[in-house]
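Worksheet: the structure to be examined is printed underneath.
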Amino acid sequence: LISHLESNGHMDEAHTIPGIITRNTTEKMTSLFSQLPHLSDLPIPDYDDYFNTLGAFSHENRYFATLTGESSRGCWRQGRAQSDKNNGCAFCNLNTQWDGYRHKAPQQVVADIDVLTTRHQTLSVAFMDNVLPPKSTNDIFSKLEQLDKNLKAFAEIRATTKLDELAN
């Protein structure tokens, strides 16, 4: 989209760019979704403008910001119909437009959080995952503990999560 706008200067033909939806789009919406195949390809989010704006507030109008973290997209419970078409999540039926479950390596999740909490001087992190990945959650949180930061973390978990997993 940026390249198109730089070379063309207007939005009239933007609907012809794969993944861009405008009022001139005539295709079915579900055929236009484009997803990043590997979350490890994502750069560390850039929140500099947000925190610069927050820093300009007077002391009485400031608040403690929460950073967002992400370890996965989609749901590991997601199944497929016999036609090999995405069948959505077998538990909650969210994310039916996406093709499969994707996740980052635990060390990348922790490295991103370490960089962002240091850069922006905040220890509050909210994971944006629909549900934390069951195979790597313990690894992620044990590596976060090794950072020796007093993090306050929020995440959605399954009701079936065992107490000993939460205690770690």
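Following the order of the structure tokens, first chain is A, next is B, and so on, with residues numbered from 1 inside each chain and ligands from 1 in the order they appear.
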Write out, as CSV, each residue of stretch 3-76 of chain A that has an atom at most 12 Å from stretch 119-127 of chain A, together with the closest pair of atoms and their distance in Å to one decimal, counting only C-alpha atoms, rows going by chain and rising number.
residue,atom,partner,partner_atom,distance
A:Ile44,CA,A:Arg119,CA,11.5
A:Pro45,CA,A:Arg119,CA,11.4
A:Asp46,CA,A:Arg119,CA,10.2
A:Tyr47,CA,A:His120,CA,8.3
A:Asp48,CA,A:His120,CA,8.0
A:Asp49,CA,A:His120,CA,11.0
A:Tyr50,CA,A:His120,CA,10.0
A:Phe51,CA,A:His120,CA,7.0
A:Asn52,CA,A:His120,CA,9.5
A:Leu54,CA,A:His120,CA,10.7
A:Gly55,CA,A:His120,CA,10.3
A:Tyr63,CA,A:Thr122,CA,10.7
A:Phe64,CA,A:Thr122,CA,7.2
A:Ala65,CA,A:Thr122,CA,6.8
A:Thr66,CA,A:Ser124,CA,4.8
A:Leu67,CA,A:Val125,CA,4.7
A:Thr68,CA,A:Ala126,CA,4.9
A:Gly69,CA,A:Phe127,CA,4.6
A:Glu70,CA,A:Phe127,CA,5.3
A:Ser71,CA,A:Phe127,CA,7.5
A:Ser72,CA,A:Phe127,CA,9.3
A:Arg73,CA,A:Phe127,CA,10.8
Keeping N, CA and C atoms, export the residues of the selection given above as a PDB file, in the first residue's frame.
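The resulting file, out-v1.pdb, is reproduced below:
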ATOM      1  N   ILE A  44      10.112  -6.452  16.211  1.00  0.00           N
ATOM      2  CA  ILE A  44       9.649  -5.991  17.522  1.00  0.00           C
ATOM      3  C   ILE A  44       8.743  -4.787  17.287  1.00  0.00           C
ATOM      4  N   PRO A  45       7.572  -4.744  17.926  1.00  0.00           N
ATOM      5  CA  PRO A  45       6.673  -3.601  17.711  1.00  0.00           C
ATOM      6  C   PRO A  45       7.333  -2.278  18.078  1.00  0.00           C
ATOM      7  N   ASP A  46       6.978  -1.239  17.359  1.00  0.00           N
ATOM      8  CA  ASP A  46       7.512   0.096  17.596  1.00  0.00           C
ATOM      9  C   ASP A  46       6.427   0.952  18.254  1.00  0.00           C
ATOM     10  N   TYR A  47       6.545   1.140  19.554  1.00  0.00           N
ATOM     11  CA  TYR A  47       5.589   1.929  20.328  1.00  0.00           C
ATOM     12  C   TYR A  47       6.139   3.305  20.674  1.00  0.00           C
ATOM     13  N   ASP A  48       7.216   3.718  20.024  1.00  0.00           N
ATOM     14  CA  ASP A  48       7.879   4.974  20.383  1.00  0.00           C
ATOM     15  C   ASP A  48       6.942   6.177  20.330  1.00  0.00           C
ATOM     16  N   ASP A  49       6.158   6.309  19.262  1.00  0.00           N
ATOM     17  CA  ASP A  49       5.241   7.454  19.166  1.00  0.00           C
ATOM     18  C   ASP A  49       4.243   7.474  20.314  1.00  0.00           C
ATOM     19  N   TYR A  50       3.707   6.314  20.640  1.00  0.00           N
ATOM     20  CA  TYR A  50       2.737   6.213  21.739  1.00  0.00           C
ATOM     21  C   TYR A  50       3.362   6.672  23.061  1.00  0.00           C
ATOM     22  N   PHE A  51       4.543   6.148  23.359  1.00  0.00           N
ATOM     23  CA  PHE A  51       5.181   6.495  24.634  1.00  0.00           C
ATOM     24  C   PHE A  51       5.687   7.933  24.650  1.00  0.00           C
ATOM     25  N   ASN A  52       6.077   8.468  23.505  1.00  0.00           N
ATOM     26  CA  ASN A  52       6.447   9.889  23.429  1.00  0.00           C
ATOM     27  C   ASN A  52       5.231  10.767  23.728  1.00  0.00           C
ATOM     28  N   LEU A  54       2.566   9.839  25.471  1.00  0.00           N
ATOM     29  CA  LEU A  54       2.264   9.616  26.887  1.00  0.00           C
ATOM     30  C   LEU A  54       3.194  10.436  27.770  1.00  0.00           C
ATOM     31  N   GLY A  55       4.466  10.526  27.395  1.00  0.00           N
ATOM     32  CA  GLY A  55       5.437  11.307  28.165  1.00  0.00           C
ATOM     33  C   GLY A  55       5.162  12.797  28.151  1.00  0.00           C
ATOM     34  N   TYR A  63      -0.570   7.694  33.272  1.00  0.00           N
ATOM     35  CA  TYR A  63      -0.953   6.397  33.822  1.00  0.00           C
ATOM     36  C   TYR A  63       0.133   5.390  33.458  1.00  0.00           C
ATOM     37  N   PHE A  64       0.090   4.239  34.102  1.00  0.00           N
ATOM     38  CA  PHE A  64       1.069   3.198  33.804  1.00  0.00           C
ATOM     39  C   PHE A  64       0.576   2.403  32.599  1.00  0.00           C
ATOM     40  N   ALA A  65       1.294   2.492  31.532  1.00  0.00           N
ATOM     41  CA  ALA A  65       0.894   1.823  30.290  1.00  0.00           C
ATOM     42  C   ALA A  65       1.199   0.328  30.354  1.00  0.00           C
ATOM     43  N   THR A  66       0.411  -0.427  29.622  1.00  0.00           N
ATOM     44  CA  THR A  66       0.621  -1.860  29.480  1.00  0.00           C
ATOM     45  C   THR A  66       1.092  -2.140  28.068  1.00  0.00           C
ATOM     46  N   LEU A  67       2.188  -2.867  27.948  1.00  0.00           N
ATOM     47  CA  LEU A  67       2.703  -3.283  26.646  1.00  0.00           C
ATOM     48  C   LEU A  67       1.961  -4.536  26.191  1.00  0.00           C
ATOM     49  N   THR A  68       1.860  -4.719  24.892  1.00  0.00           N
ATOM     50  CA  THR A  68       1.270  -5.957  24.389  1.00  0.00           C
ATOM     51  C   THR A  68       2.381  -6.917  23.985  1.00  0.00           C
ATOM     52  N   GLY A  69       2.135  -8.186  24.245  1.00  0.00           N
ATOM     53  CA  GLY A  69       3.036  -9.249  23.840  1.00  0.00           C
ATOM     54  C   GLY A  69       2.242 -10.281  23.057  1.00  0.00           C
ATOM     55  N   GLU A  70       2.925 -11.045  22.249  1.00  0.00           N
ATOM     56  CA  GLU A  70       2.233 -12.058  21.455  1.00  0.00           C
ATOM     57  C   GLU A  70       3.138 -13.260  21.279  1.00  0.00           C
ATOM     58  N   SER A  71       2.599 -14.440  21.574  1.00  0.00           N
ATOM     59  CA  SER A  71       3.365 -15.659  21.349  1.00  0.00           C
ATOM     60  C   SER A  71       2.748 -16.522  20.261  1.00  0.00           C
ATOM     61  N   SER A  72       1.460 -16.296  19.960  1.00  0.00           N
ATOM     62  CA  SER A  72       0.810 -17.114  18.934  1.00  0.00           C
ATOM     63  C   SER A  72      -0.390 -16.397  18.346  1.00  0.00           C
ATOM     64  N   ARG A  73      -0.826 -16.897  17.193  1.00  0.00           N
ATOM     65  CA  ARG A  73      -2.051 -16.419  16.555  1.00  0.00           C
ATOM     66  C   ARG A  73      -2.863 -17.636  16.159  1.00  0.00           C
TER      67      ARG A  73
END
Please extract the residues of chain A with a backbone DSSP assignment of strand (DSSP E) and present them as number ranges by chain.
A: 67-69, 72-73, 78-80, 86-89, 102-103, 124-127, 152-154
Output of the above residues as a compact mmCIF listing (two decimals), in the first residue's frame, restricted to N, CA and C atoms:
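Writing the result to selection.txt gives the following:
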# COMPACT_ATOMS: atom_id res chain seq x y z
N LEU A 67 2.19 -2.87 27.95
CA LEU A 67 2.70 -3.28 26.65
C LEU A 67 1.96 -4.54 26.19
N THR A 68 1.86 -4.72 24.89
CA THR A 68 1.27 -5.96 24.39
C THR A 68 2.38 -6.92 23.99
N GLY A 69 2.13 -8.19 24.25
CA GLY A 69 3.04 -9.25 23.84
C GLY A 69 2.24 -10.28 23.06
N SER A 72 1.46 -16.30 19.96
CA SER A 72 0.81 -17.11 18.93
C SER A 72 -0.39 -16.40 18.35
N ARG A 73 -0.83 -16.90 17.19
CA ARG A 73 -2.05 -16.42 16.55
C ARG A 73 -2.86 -17.64 16.16
N GLN A 78 -7.49 -25.76 16.67
CA GLN A 78 -8.13 -25.60 15.36
C GLN A 78 -8.04 -26.89 14.56
N GLY A 79 -9.15 -27.27 13.92
CA GLY A 79 -9.18 -28.48 13.12
C GLY A 79 -9.43 -28.17 11.66
N ARG A 80 -9.46 -29.21 10.85
CA ARG A 80 -9.74 -29.07 9.43
C ARG A 80 -10.84 -30.06 9.05
N ASN A 86 -10.16 -24.96 6.05
CA ASN A 86 -10.09 -24.54 7.45
C ASN A 86 -11.47 -24.66 8.07
N ASN A 87 -11.56 -25.38 9.18
CA ASN A 87 -12.84 -25.64 9.83
C ASN A 87 -13.05 -24.76 11.05
N GLY A 88 -12.13 -23.87 11.34
CA GLY A 88 -12.27 -23.03 12.52
C GLY A 88 -11.86 -23.77 13.77
N CYS A 89 -11.97 -23.11 14.87
CA CYS A 89 -11.56 -23.69 16.15
C CYS A 89 -12.62 -24.66 16.65
N ARG A 102 -0.20 -20.45 14.39
CA ARG A 102 1.20 -20.06 14.24
C ARG A 102 1.71 -19.55 15.58
N HIS A 103 2.98 -19.77 15.88
CA HIS A 103 3.53 -19.30 17.15
C HIS A 103 5.00 -18.93 17.00
N SER A 124 4.34 -3.86 32.87
CA SER A 124 3.02 -4.45 32.67
C SER A 124 2.91 -4.94 31.22
N VAL A 125 2.59 -6.23 31.06
CA VAL A 125 2.52 -6.85 29.74
C VAL A 125 1.20 -7.62 29.63
N ALA A 126 0.49 -7.44 28.53
CA ALA A 126 -0.73 -8.20 28.26
C ALA A 126 -0.51 -9.02 26.99
N PHE A 127 -0.66 -10.31 27.09
CA PHE A 127 -0.53 -11.18 25.93
C PHE A 127 -1.81 -11.12 25.12
N LYS A 152 4.29 -7.70 35.56
CA LYS A 152 2.88 -7.95 35.80
C LYS A 152 2.32 -8.38 34.45
N ALA A 153 1.89 -9.65 34.35
CA ALA A 153 1.47 -10.19 33.06
C ALA A 153 -0.01 -10.57 33.09
N PHE A 154 -0.67 -10.31 31.97
CA PHE A 154 -2.06 -10.72 31.78
C PHE A 154 -2.11 -11.62 30.56
Hey, what's within 10 Å of A:Thr22 if we count only C-alpha atoms and toss same-chain stuff fewer than 5 positions away? As a PyMOL selection string, please?
chain A and resi 11-16
Go ahead and save the residues from that selection, with N, CA, C and O atoms, as an mmCIF file, in the first residue's frame.
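The resulting part24.cif:
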data_model
loop_
_atom_site.group_PDB
_atom_site.id
_atom_site.type_symbol
_atom_site.label_atom_id
_atom_site.label_comp_id
_atom_site.auth_asym_id
_atom_site.auth_seq_id
_atom_site.Cartn_x
_atom_site.Cartn_y
_atom_site.Cartn_z
ATOM 1 N N MET A 11 -5.810 6.741 -3.667
ATOM 2 C CA MET A 11 -6.388 5.454 -3.288
ATOM 3 C C MET A 11 -7.284 4.833 -4.361
ATOM 4 O O MET A 11 -7.778 3.731 -4.172
ATOM 5 N N ASP A 12 -7.518 5.493 -5.484
ATOM 6 C CA ASP A 12 -8.481 5.010 -6.484
ATOM 7 C C ASP A 12 -8.261 3.558 -6.907
ATOM 8 O O ASP A 12 -9.216 2.824 -7.123
ATOM 9 N N GLU A 13 -7.007 3.145 -7.051
ATOM 10 C CA GLU A 13 -6.703 1.791 -7.499
ATOM 11 C C GLU A 13 -6.186 0.899 -6.371
ATOM 12 O O GLU A 13 -5.735 -0.215 -6.623
ATOM 13 N N ALA A 14 -6.257 1.342 -5.135
ATOM 14 C CA ALA A 14 -5.720 0.563 -4.011
ATOM 15 C C ALA A 14 -6.416 -0.777 -3.853
ATOM 16 O O ALA A 14 -5.828 -1.737 -3.361
ATOM 17 N N HIS A 15 -7.675 -0.880 -4.276
ATOM 18 C CA HIS A 15 -8.405 -2.147 -4.141
ATOM 19 C C HIS A 15 -7.814 -3.257 -5.014
ATOM 20 O O HIS A 15 -8.132 -4.427 -4.829
ATOM 21 N N THR A 16 -6.933 -2.926 -5.947
ATOM 22 C CA THR A 16 -6.308 -3.937 -6.796
ATOM 23 C C THR A 16 -5.077 -4.561 -6.122
ATOM 24 O O THR A 16 -4.526 -5.526 -6.641
#
What is the distance between atom CA of A:Ile157 and atom CA of A:Val131, in Å to one decimal?
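Going from atom CA of A:Ile157 over to atom CA of A:Val131 covers 5.6 Å.
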Proximity to A:Phe141 - best of A:Thr161, A:Gln107, A:Asn61, A:Thr117, only C-alpha atoms:
A:Gln107
Assign secondary structure with DSSP using the backbone only, and return the residues of stretch 10-165 of chain A in helix (DSSP H, G or I) as a ChimeraX atom specification.
/A:14-16,29-32,39-41,48-55,59-61,106-120,137-146,163-165
N, CA and C atoms of the current selection, written as a short mmCIF file (atom, residue, chain, number, x, y, z; two decimals), in the first residue's frame:
data_model
loop_
_atom_site.label_atom_id
_atom_site.label_comp_id
_atom_site.auth_asym_id
_atom_site.auth_seq_id
_atom_site.Cartn_x
_atom_site.Cartn_y
_atom_site.Cartn_z
N ALA A 14 -6.26 1.34 -5.13
CA ALA A 14 -5.72 0.56 -4.01
C ALA A 14 -6.42 -0.78 -3.85
N HIS A 15 -7.67 -0.88 -4.28
CA HIS A 15 -8.40 -2.15 -4.14
C HIS A 15 -7.81 -3.26 -5.01
N THR A 16 -6.93 -2.93 -5.95
CA THR A 16 -6.31 -3.94 -6.80
C THR A 16 -5.08 -4.56 -6.12
N MET A 29 -14.86 -11.11 0.77
CA MET A 29 -13.88 -10.72 1.79
C MET A 29 -12.98 -11.88 2.19
N THR A 30 -13.53 -13.07 2.35
CA THR A 30 -12.72 -14.19 2.83
C THR A 30 -11.63 -14.58 1.85
N SER A 31 -11.80 -14.29 0.56
CA SER A 31 -10.75 -14.64 -0.41
C SER A 31 -9.61 -13.62 -0.39
N LEU A 32 -9.77 -12.51 0.33
CA LEU A 32 -8.78 -11.45 0.33
C LEU A 32 -7.82 -11.50 1.52
N LEU A 39 5.28 -16.22 12.42
CA LEU A 39 5.29 -15.07 13.33
C LEU A 39 6.71 -14.65 13.68
N SER A 40 7.66 -15.54 13.53
CA SER A 40 9.05 -15.19 13.82
C SER A 40 9.57 -14.12 12.86
N ASP A 41 8.87 -13.89 11.74
CA ASP A 41 9.27 -12.86 10.79
C ASP A 41 8.86 -11.46 11.22
N ASP A 48 7.22 3.72 20.02
CA ASP A 48 7.88 4.97 20.38
C ASP A 48 6.94 6.18 20.33
N ASP A 49 6.16 6.31 19.26
CA ASP A 49 5.24 7.45 19.17
C ASP A 49 4.24 7.47 20.31
N TYR A 50 3.71 6.31 20.64
CA TYR A 50 2.74 6.21 21.74
C TYR A 50 3.36 6.67 23.06
N PHE A 51 4.54 6.15 23.36
CA PHE A 51 5.18 6.50 24.63
C PHE A 51 5.69 7.93 24.65
N ASN A 52 6.08 8.47 23.50
CA ASN A 52 6.45 9.89 23.43
C ASN A 52 5.23 10.77 23.73
N THR A 53 4.08 10.40 23.18
CA THR A 53 2.85 11.15 23.46
C THR A 53 2.48 11.04 24.93
N LEU A 54 2.57 9.84 25.47
CA LEU A 54 2.26 9.62 26.89
C LEU A 54 3.19 10.44 27.77
N GLY A 55 4.47 10.53 27.39
CA GLY A 55 5.44 11.31 28.17
C GLY A 55 5.16 12.80 28.15
N HIS A 59 1.78 15.29 34.79
CA HIS A 59 1.88 14.20 35.78
C HIS A 59 0.51 13.72 36.25
N GLU A 60 -0.43 14.61 36.43
CA GLU A 60 -1.75 14.20 36.92
C GLU A 60 -2.57 13.45 35.86
N ASN A 61 -2.17 13.52 34.61
CA ASN A 61 -2.89 12.82 33.55
C ASN A 61 -2.16 11.58 33.04
N PRO A 106 9.77 -19.49 22.13
CA PRO A 106 9.76 -18.85 23.46
C PRO A 106 10.87 -17.81 23.63
N GLN A 107 12.07 -18.08 23.12
CA GLN A 107 13.17 -17.12 23.30
C GLN A 107 12.89 -15.81 22.57
N GLN A 108 12.17 -15.84 21.44
CA GLN A 108 11.82 -14.61 20.73
C GLN A 108 10.77 -13.82 21.50
N VAL A 109 9.78 -14.51 22.06
CA VAL A 109 8.74 -13.86 22.86
C VAL A 109 9.39 -13.12 24.03
N VAL A 110 10.28 -13.80 24.72
CA VAL A 110 10.94 -13.23 25.90
C VAL A 110 11.87 -12.09 25.50
N ALA A 111 12.60 -12.26 24.42
CA ALA A 111 13.50 -11.19 23.95
C ALA A 111 12.71 -9.93 23.60
N ASP A 112 11.57 -10.09 22.91
CA ASP A 112 10.73 -8.95 22.57
C ASP A 112 10.26 -8.22 23.83
N ILE A 113 9.78 -8.98 24.80
CA ILE A 113 9.29 -8.38 26.05
C ILE A 113 10.43 -7.70 26.81
N ASP A 114 11.59 -8.32 26.82
CA ASP A 114 12.73 -7.73 27.51
C ASP A 114 13.12 -6.39 26.88
N VAL A 115 13.20 -6.35 25.56
CA VAL A 115 13.55 -5.11 24.86
C VAL A 115 12.51 -4.03 25.11
N LEU A 116 11.23 -4.38 24.96
CA LEU A 116 10.16 -3.38 25.09
C LEU A 116 10.01 -2.85 26.51
N THR A 117 10.10 -3.74 27.51
CA THR A 117 9.96 -3.27 28.90
C THR A 117 11.14 -2.39 29.31
N THR A 118 12.32 -2.69 28.79
CA THR A 118 13.49 -1.85 29.07
C THR A 118 13.37 -0.51 28.35
N ARG A 119 13.04 -0.54 27.08
CA ARG A 119 12.94 0.67 26.27
C ARG A 119 11.88 1.64 26.83
N HIS A 120 10.74 1.08 27.24
CA HIS A 120 9.62 1.94 27.63
C HIS A 120 9.40 2.03 29.13
N THR A 137 4.22 -22.47 26.93
CA THR A 137 3.89 -21.48 27.96
C THR A 137 4.82 -21.56 29.16
N ASN A 138 5.05 -22.78 29.67
CA ASN A 138 5.95 -22.91 30.82
C ASN A 138 7.35 -22.42 30.49
N ASP A 139 7.82 -22.71 29.29
CA ASP A 139 9.14 -22.26 28.85
C ASP A 139 9.19 -20.74 28.78
N ILE A 140 8.14 -20.13 28.21
CA ILE A 140 8.08 -18.67 28.11
C ILE A 140 8.16 -18.05 29.49
N PHE A 141 7.34 -18.52 30.42
CA PHE A 141 7.30 -17.89 31.74
C PHE A 141 8.54 -18.18 32.58
N SER A 142 9.16 -19.34 32.39
CA SER A 142 10.41 -19.58 33.13
C SER A 142 11.52 -18.68 32.59
N LYS A 143 11.54 -18.42 31.28
CA LYS A 143 12.53 -17.50 30.71
C LYS A 143 12.23 -16.05 31.13
N LEU A 144 10.96 -15.69 31.22
CA LEU A 144 10.60 -14.35 31.72
C LEU A 144 11.07 -14.17 33.16
N GLU A 145 10.95 -15.22 33.95
CA GLU A 145 11.41 -15.16 35.34
C GLU A 145 12.92 -14.93 35.41
N GLN A 146 13.66 -15.49 34.48
CA GLN A 146 15.11 -15.34 34.45
C GLN A 146 15.53 -13.90 34.12
N LEU A 163 -3.44 -26.17 38.22
CA LEU A 163 -2.94 -25.24 39.24
C LEU A 163 -1.42 -25.23 39.28
N ASP A 164 -0.76 -26.39 39.14
CA ASP A 164 0.71 -26.42 39.20
C ASP A 164 1.32 -25.67 38.00
N GLU A 165 0.64 -25.63 36.87
CA GLU A 165 1.11 -24.85 35.73
C GLU A 165 1.03 -23.36 36.03
#
In Å, rounded to a single decimal, give me how far atom CA of A:Ser3 is from atom CA of A:Leu36.
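According to the coordinates, atom CA of A:Leu36 and atom CA of A:Ser3 are separated by 18.8 Å.
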